[in-house]
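Notes to accompany the following structure.
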Amino acid sequence: MTALSDTAPEVAGGAPARDPEAVHRVLADLDRPVYVLRDAAGVAMAHARLPDAQVLAVAGPLPPSRLGAPAFRATHGVRLAYQAGAMAHGLASARMVTALARDGILASFGAAGLVAEKVDAGLAAITRDAPGRPFACNLIHSPSESAMERSTVDLCLRHGVRTLEASAFLELTPEIVRYRALGLSRAADGTVAVGHRVIAKVSRTEIAELFLAPAPEPILRRLREEGRITAEQAALAATVPMADDLTAEADSGGHTDRRPLPVLLGELIRLRDRRAPRVRVGAAGGIGTPDAVAAAFAQGADYVVTGSVNQACVESGQSPQAKELLGQAGVTDTEMAPSSDMFELGVDVQVLRRGTMFAACARRLYDLYRRHDGLDDLPVDERRSLERTVFRRPLEDVWSDTVDYFSRRDPDQIARAAENPQRRMALVFRWYLGLSSHWAAGGVEDRTADYQIWCGPAMGACNSWLAGTALEPVGARTVRGIAENLMRGAAFRSRVTALRQAGVSLPASAATHRPEILP
């Protein structure tokens, strides 16, 4: 093994092996190649071959723009194979999306859970402040609130959104199919032109198969009969996969099956290769350090997606109080809790445990929902305890607020609960689950213990990576800074790995990427 140790002599004109700082500078210049050289004086590192020096190893230039699939960058019109994924309730804010869009990085607006007026305002702000720049909007599957899906798609069509990030889908719905079909046309050369792109976040192969196949014929037929798509669009939709990109969503914040990323990513790549080779596969869940990014690309990911780590950045829609809690999180400071949007189905989301009691309260509500037929079936002491410690008001008042909310957003919810006491109880319990994330985003001080903060282990890993650097305080973190440092760090790590595989032993201090605040 060739060692660049502290005591080795130096090659004339190269970075001296005894100087780890000089070695680091050579490695960190990602636009230039790295040569490990030996001559009579010893071993050193340089950007070019030197006279009379033997070449021991070479690592080519590797700027961040070379990581991942060129097709991802070309299709979406971005400079990095990187996406800042959606975070619901506007946590992936218009400000966040705009900041990244202006810098040539794809980001997805967190429309899930927002009323139509806020989705409209967010999309209007992005298209106004980043005109012509690529971005995506999140469409979350809402089995109990189909009107929300329809409204989001309508608004995306109105604002000319070219990319949807589909998440938490259990099956394909008419709205996601309608969006896809309405963007299809026949190009001059006879191929199918795709005007509406879909990035599908999945954690199961059976769901991935739905997006790797064309839209189901029954849904296309229904949309055509209703006049919502044309016959030509229906015919074209039957020939192309539902998605352009398939994101392997592993151990992420929010909706997740907590699958190990190397296992899930490998499964989806193999499935893609068999079913739809032109669909790109990305990696999400656990992407919080340069090492994680480099590992995903090394396994074959076409792009990477971050989530939790962006929530602590200055542009996110999260409150300063919640950001501070996120900035203190370790890799084990998360747990699963019942979700608001899929409460009745028993679906969980991953949330921050440190500094909040939300998960325990949410599990208590779901347990009561499973054991009782309605609010009137609750034991008196249990009901009083809920009103005093969880809701902090009479349950009848909560129901009144719930009726008012859904009467404006999705009246069918109230109609379905009228004759179903357990359904009514579910809506009341969802009042708490829904507001808990708003309390966190709003920094409501007397509800700190009830903050619902979606978070995966990547947040803790990111905090560990940034500890002791200028980016350790959450107030210094920007989404652009995190993206650039992750990608630059991944390129740096990839070159270090290539040299080590060639038999080069590097000083530890020289082989570690150092995150910086960007100008």
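Ligands are numbered from 1 in the order shown, residues from 1 within each chain, and chains are lettered A, B, ... in the order they appear in the structure tokens.
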
List every residue of range 292-489 of chain A that DSSP, applied to the backbone, labels as strand (DSSP E), and write the result as a PyMOL selection string.
chain A and resi 303-306+334-338+348-352

Export of prior selection with C-alpha atoms as a JSON list (two decimals), in the first residue's frame:
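Result file is selection-v8.json:
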```json
[["chain", "number", "residue", "atom", "x", "y", "z"],
["A", 303, "TYR", "CA", -30.27, 11.20, -8.06],
["A", 304, "VAL", "CA", -30.60, 11.80, -4.33],
["A", 305, "VAL", "CA", -33.41, 13.40, -2.33],
["A", 306, "THR", "CA", -33.09, 15.17, 1.01],
["A", 334, "THR", "CA", -37.10, 9.69, 16.35],
["A", 335, "GLU", "CA", -40.11, 7.38, 16.71],
["A", 336, "MET", "CA", -43.28, 6.37, 14.90],
["A", 337, "ALA", "CA", -46.72, 7.88, 15.59],
["A", 338, "PRO", "CA", -50.19, 7.69, 13.98],
["A", 348, "ASP", "CA", -47.74, 5.85, 11.01],
["A", 349, "VAL", "CA", -45.30, 8.69, 10.39],
["A", 350, "GLN", "CA", -41.79, 9.14, 11.76],
["A", 351, "VAL", "CA", -41.46, 12.13, 14.07],
["A", 352, "LEU", "CA", -38.97, 13.78, 16.40]]
```

Shell of 10 Å around Phe211 in chain A, only C-alpha atoms, local chain residues under 3 positions omitted, as number ranges by chain
A: 166, 171-172, 198-202, 205-208, 214-215, 240-246, 276, 279

Out of A:Arg275, A:His255, A:Arg393, A:Arg66, which residue has the shortest atom-to-atom distance to Ser308 in chain A when counting only C-alpha atoms?
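Answer, going by the shortest atom-to-atom distance: A:His255.
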
Residues of range 72-178 of chain A in alpha helix (DSSP H) according to DSSP, as number ranges by chain?
A: 72-76, 94-102, 116-129, 146-158, 174-178

Write out, as JSON lines, each residue of range 204-274 of chain A that has an atom at most 12 Å from range 449-461 of chain A, together with the closest pair of atoms and their distance in Å to one decimal, counting only C-alpha atoms, rows going by chain and rising number.
```
{"residue": "A:Glu249", "atom": "CA", "partner": "A:Gly456", "partner_atom": "CA", "distance": 11.2}
{"residue": "A:Ala250", "atom": "CA", "partner": "A:Gly456", "partner_atom": "CA", "distance": 9.7}
{"residue": "A:Asp251", "atom": "CA", "partner": "A:Gly456", "partner_atom": "CA", "distance": 6.4}
{"residue": "A:Ser252", "atom": "CA", "partner": "A:Gly456", "partner_atom": "CA", "distance": 4.7}
{"residue": "A:Gly253", "atom": "CA", "partner": "A:Cys455", "partner_atom": "CA", "distance": 3.9}
{"residue": "A:Gly254", "atom": "CA", "partner": "A:Trp454", "partner_atom": "CA", "distance": 4.9}
{"residue": "A:His255", "atom": "CA", "partner": "A:Trp454", "partner_atom": "CA", "distance": 8.6}
{"residue": "A:Thr256", "atom": "CA", "partner": "A:Gly456", "partner_atom": "CA", "distance": 9.2}
{"residue": "A:Asp257", "atom": "CA", "partner": "A:Gly456", "partner_atom": "CA", "distance": 11.4}
{"residue": "A:Arg258", "atom": "CA", "partner": "A:Gly456", "partner_atom": "CA", "distance": 9.1}
{"residue": "A:Arg259", "atom": "CA", "partner": "A:Gly456", "partner_atom": "CA", "distance": 11.9}
{"residue": "A:Pro260", "atom": "CA", "partner": "A:Pro457", "partner_atom": "CA", "distance": 11.7}
{"residue": "A:Leu261", "atom": "CA", "partner": "A:Ala458", "partner_atom": "CA", "distance": 11.7}
```

Write out as a ChimeraX atom specification each polymer residue whose atoms come within 9 Å of range 121-132 of chain A, counting only C-alpha atoms; drop sequence neighbours fewer than 4 positions from it.
/A:90,93-95,97-99,101-102,109,111,116-117,137,155-156,159-161

Find the distance between CA of Val43 in chain A and CA of Ala508 in chain A and write it in Å to one decimal.
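It comes out at 16.8 Å.
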
One-decimal distance in Å that lies between CA of Val177 in chain A and CA of Ile219 in chain A:
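Pair CA of Ile219 in chain A / CA of Val177 in chain A returns 7.5 Å.
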
Which residues come within 8 Å of Gly104 in chain A, counting only C-alpha atoms, excluding same-chain residues fewer than 2 positions away, as a list in words?
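Those residues are Gly77, Val78, Arg79, Leu80, Leu100, Ala101, Arg102, Leu106, Arg133 and Pro134 of chain A.
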
Nearest-residue call for Glu145 in chain A, choices A:Arg409, A:Arg270, A:Arg477, A:His438, using only C-alpha atoms:
A:Arg409
